[in-house]
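Below you'll find the structure, written out as structure tokens, and then a few comments.
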Amino acid sequence: SATMNVAKSGYRVFSANSSAACTELAKKITERLGVELGKSVVFQESNRETRVDVKESVRGQTIFIIQTIPRDVNTAIMELLVMAYALKTSCAKNIIGVIPYFPYSKQCKMRKRGSIVCKLLASMLAKAGLTHIITMDLHQKEIQGFFSFPVDNLRASPFLIQYIQEEIPDYRNAIIVAKSPAAAKRAQSYAERLRLGLAVIHGEAQCSESDMADGRHSPPCVRNTTGHTGLELPLMMAKEKPPITVVGDVGGRIAIIVDDIIDDVGDFVAAAEILKERGAYKIYIMATHGLLSADAPRLIEESAIDEVVVTNTVPHEVQKLQCPKIKTVDVSMILAEAIRRIHNGESMAYLFRNITVDD
């Protein structure tokens, strides 16, 4: 009877991942929806080319492609593009990408002679045939404007806030910490929702995106200036980071560092050290996307951090085996609900209740 339902309701859920770890989230979502994962084969040929074979008719249907992004980002993107194009050329009516962690989202600002890769990827997805995207906690929410089709940027904070309230004993004695001024807005929204204080770390040790090597501070080369000597541009002062300071009192508190992505853990480990020095007695990290690259698990295990809580937008089973401090919160529920609502033509507003412009 399950297959009858699928045929009648006219929507299918596919996964475009070739790696098994990535299909975990897709399986959780389809279980919640009570549908079966669409039949398709995604694989790398011996010459490393991506092949996608869709094994059932999709004509005139709404198709959801769930794509979680593993270590090998570029392969996953190619799989998504090839799958979307295969569905488009097989006359699917709507092709909706469910991409919980949107890759390249950190490259969304112009660097000296760089490119805004995130915008390029948005254009490629549109070209391949996607008509809508469901994602979670974009690195910057303005990225929604890069797309030529609707984007639903769901939030993981309700799940992480629930974790804080239920799993952190004595959380009322906690303080929410931003490890850099850049993360302050996100931390503020947590602090206000949990009715807790806010602390912000700023200064020397943190400086992940180096603006120094950006070329803005290099003097213009001489030959350009010869023609019009009258032009004296005011000099932009070079930035001088102050020594590290914590704005806000963390003494005798549980510190909860909040961010959207935890990938390179160097910054987080350094922040934890500082908070320990300033008298925080327990340190948690909450992040939506646990990329946890390279030797992150080992560094976390050896650090002052007590627990790292991430969601399952990115597969991280391997890292959890190496580091028991990593805990996972399941967000398949909200993704499944988004799929169900879009397919039934219901309003998505319910999933965004109490979310303000700034969140």
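Starting from 1 in every chain, residues are counted up; chains themselves are A, B, ... following the order of the structure tokens, and ligands are numbered from 1 as listed.
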
Report task. Mind the document's chain letters and residue numbers, and return as a list in words the residues of segment 178-307 of chain A that DSSP labels strand (DSSP E). Result -> Ala178, Gly197, Leu198, Ala199, Val200, Ile201, His202, Thr245, Val246, Val247, Ile254, Ala255, Ile256, Ile257, Val258, Asp259, Asp260, Ile261, Ile262, Lys282, Ile283, Tyr284, Ile285, Met286, Ala287, Thr288, His289, Gly290 and Glu307 of chain A

Query raised in the report: What lies within 12 Å of Gln67 of chain A using only C-alpha atoms, ignoring chain neighbours under 6 positions off, as a PyMOL selection string?
Result: chain A and resi 13-27+29+42+73+75-81+83-84+96-103+133-135+313-315+335

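Closest to Gln44 of chain A among A:Val82, A:Leu160, A:Ile66, A:Gly345 is A:Val82, based on only C-alpha atoms.
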
Query raised in the report: Which residue out of A:Phe268, A:Gln61, A:Ile168, A:Leu194 has the minimum interatomic distance to Cys91 of chain A when only C-alpha atoms are used?
Result: A:Gln61

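Between Glu31 of chain A and the candidates A:Glu337, A:Asp72, A:Asp359, A:Glu346, the tightest atom-to-atom separation, counting only C-alpha atoms, involves A:Glu337.
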
Query - Who sits within 12 Å of Phe352 of chain A, only C-alpha atoms, same chain under 5 positions skipped, as an MDAnalysis selection string - result: chainID A and resid 136 152:158 334 338 347 357 359

Go ahead and dump the residues you just picked, C-alpha atoms, as an mmCIF file, in the first residue's frame.
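Done, and the output landed in part.cif:
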```
data_model
loop_
_atom_site.group_PDB
_atom_site.id
_atom_site.type_symbol
_atom_site.label_atom_id
_atom_site.label_comp_id
_atom_site.auth_asym_id
_atom_site.auth_seq_id
_atom_site.Cartn_x
_atom_site.Cartn_y
_atom_site.Cartn_z
ATOM 1 C CA MET A 136 19.516 25.270 7.198
ATOM 2 C CA ASP A 152 13.691 28.315 2.677
ATOM 3 C CA ASN A 153 16.415 28.905 5.233
ATOM 4 C CA LEU A 154 15.271 26.808 8.200
ATOM 5 C CA ARG A 155 16.749 27.300 11.662
ATOM 6 C CA ALA A 156 18.364 24.759 13.955
ATOM 7 C CA SER A 157 18.352 27.075 16.980
ATOM 8 C CA PRO A 158 15.036 25.758 18.392
ATOM 9 C CA ILE A 334 11.880 19.985 10.613
ATOM 10 C CA ALA A 338 9.168 21.376 5.322
ATOM 11 C CA SER A 347 2.184 27.747 4.516
ATOM 12 C CA VAL A 357 14.656 39.541 10.617
ATOM 13 C CA ASP A 359 18.034 35.796 13.306
#
```

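As for atom CA of Gly34 of chain A and atom CA of Thr68 of chain A, they are spaced 20.0 Å apart.
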
Query - Shell of 10 Å around Ser105 of chain A, only C-alpha atoms, local chain residues under 5 positions omitted, as a ChimeraX atom specification - result: /A:116-119,121,138-141,143

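The residue that comes closest to His289 of chain A, out of A:Ala238, A:Ile69, A:Ala187, A:Leu198 and on the basis of only C-alpha atoms, is A:Ile69.
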
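The smallest atom-to-atom distance between Arg172 of chain A and any of A:Arg340, A:Lys325, A:Arg253, A:Lys239, using only C-alpha atoms, is found for A:Arg253.
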
Query raised in the report: Neighbours of Lys55 of chain A within 9 Å (only C-alpha atoms; same-chain residues fewer than 6 positions away dropped), as a list in words?
Result: Gly38, Lys39, Ser40 and Val41 of chain A

Put those residues in a file: N, CA and C atoms, as a PDB file, in the first residue's frame.
```pdb
ATOM      1  N   GLY A  38      13.397   7.274  -3.407  1.00  0.00           N
ATOM      2  CA  GLY A  38      13.277   7.004  -4.845  1.00  0.00           C
ATOM      3  C   GLY A  38      14.400   6.096  -5.341  1.00  0.00           C
ATOM      4  N   LYS A  39      14.108   5.295  -6.352  1.00  0.00           N
ATOM      5  CA  LYS A  39      15.111   4.351  -6.857  1.00  0.00           C
ATOM      6  C   LYS A  39      16.011   5.047  -7.872  1.00  0.00           C
ATOM      7  N   SER A  40      17.264   5.171  -7.487  1.00  0.00           N
ATOM      8  CA  SER A  40      18.232   5.766  -8.405  1.00  0.00           C
ATOM      9  C   SER A  40      19.603   5.220  -8.061  1.00  0.00           C
ATOM     10  N   VAL A  41      20.501   5.279  -9.031  1.00  0.00           N
ATOM     11  CA  VAL A  41      21.870   4.832  -8.785  1.00  0.00           C
ATOM     12  C   VAL A  41      22.795   6.008  -9.047  1.00  0.00           C
TER      13      VAL A  41
END
```

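When only C-alpha atoms are used to measure the gap to Gly60 of chain A, the shortest distance among A:Thr30, A:Pro324, A:Tyr104, A:Arg12 belongs to A:Arg12.
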
Query raised in the report: Ala191 of chain A: which residues within 12 Å, counting only C-alpha atoms, same-chain residues fewer than 3 positions away excluded, as a PyMOL selection string?
Result: chain A and resi 157+161+164+171-172+174-178+184-188+194-200+255-258+359

Query raised in the report: Could you pull the residues within 6 Å of His132 of chain A, counting only C-alpha atoms, minus those fewer than 2 positions along the same chain, as a PyMOL selection string?
Result: chain A and resi 96+130+149-151
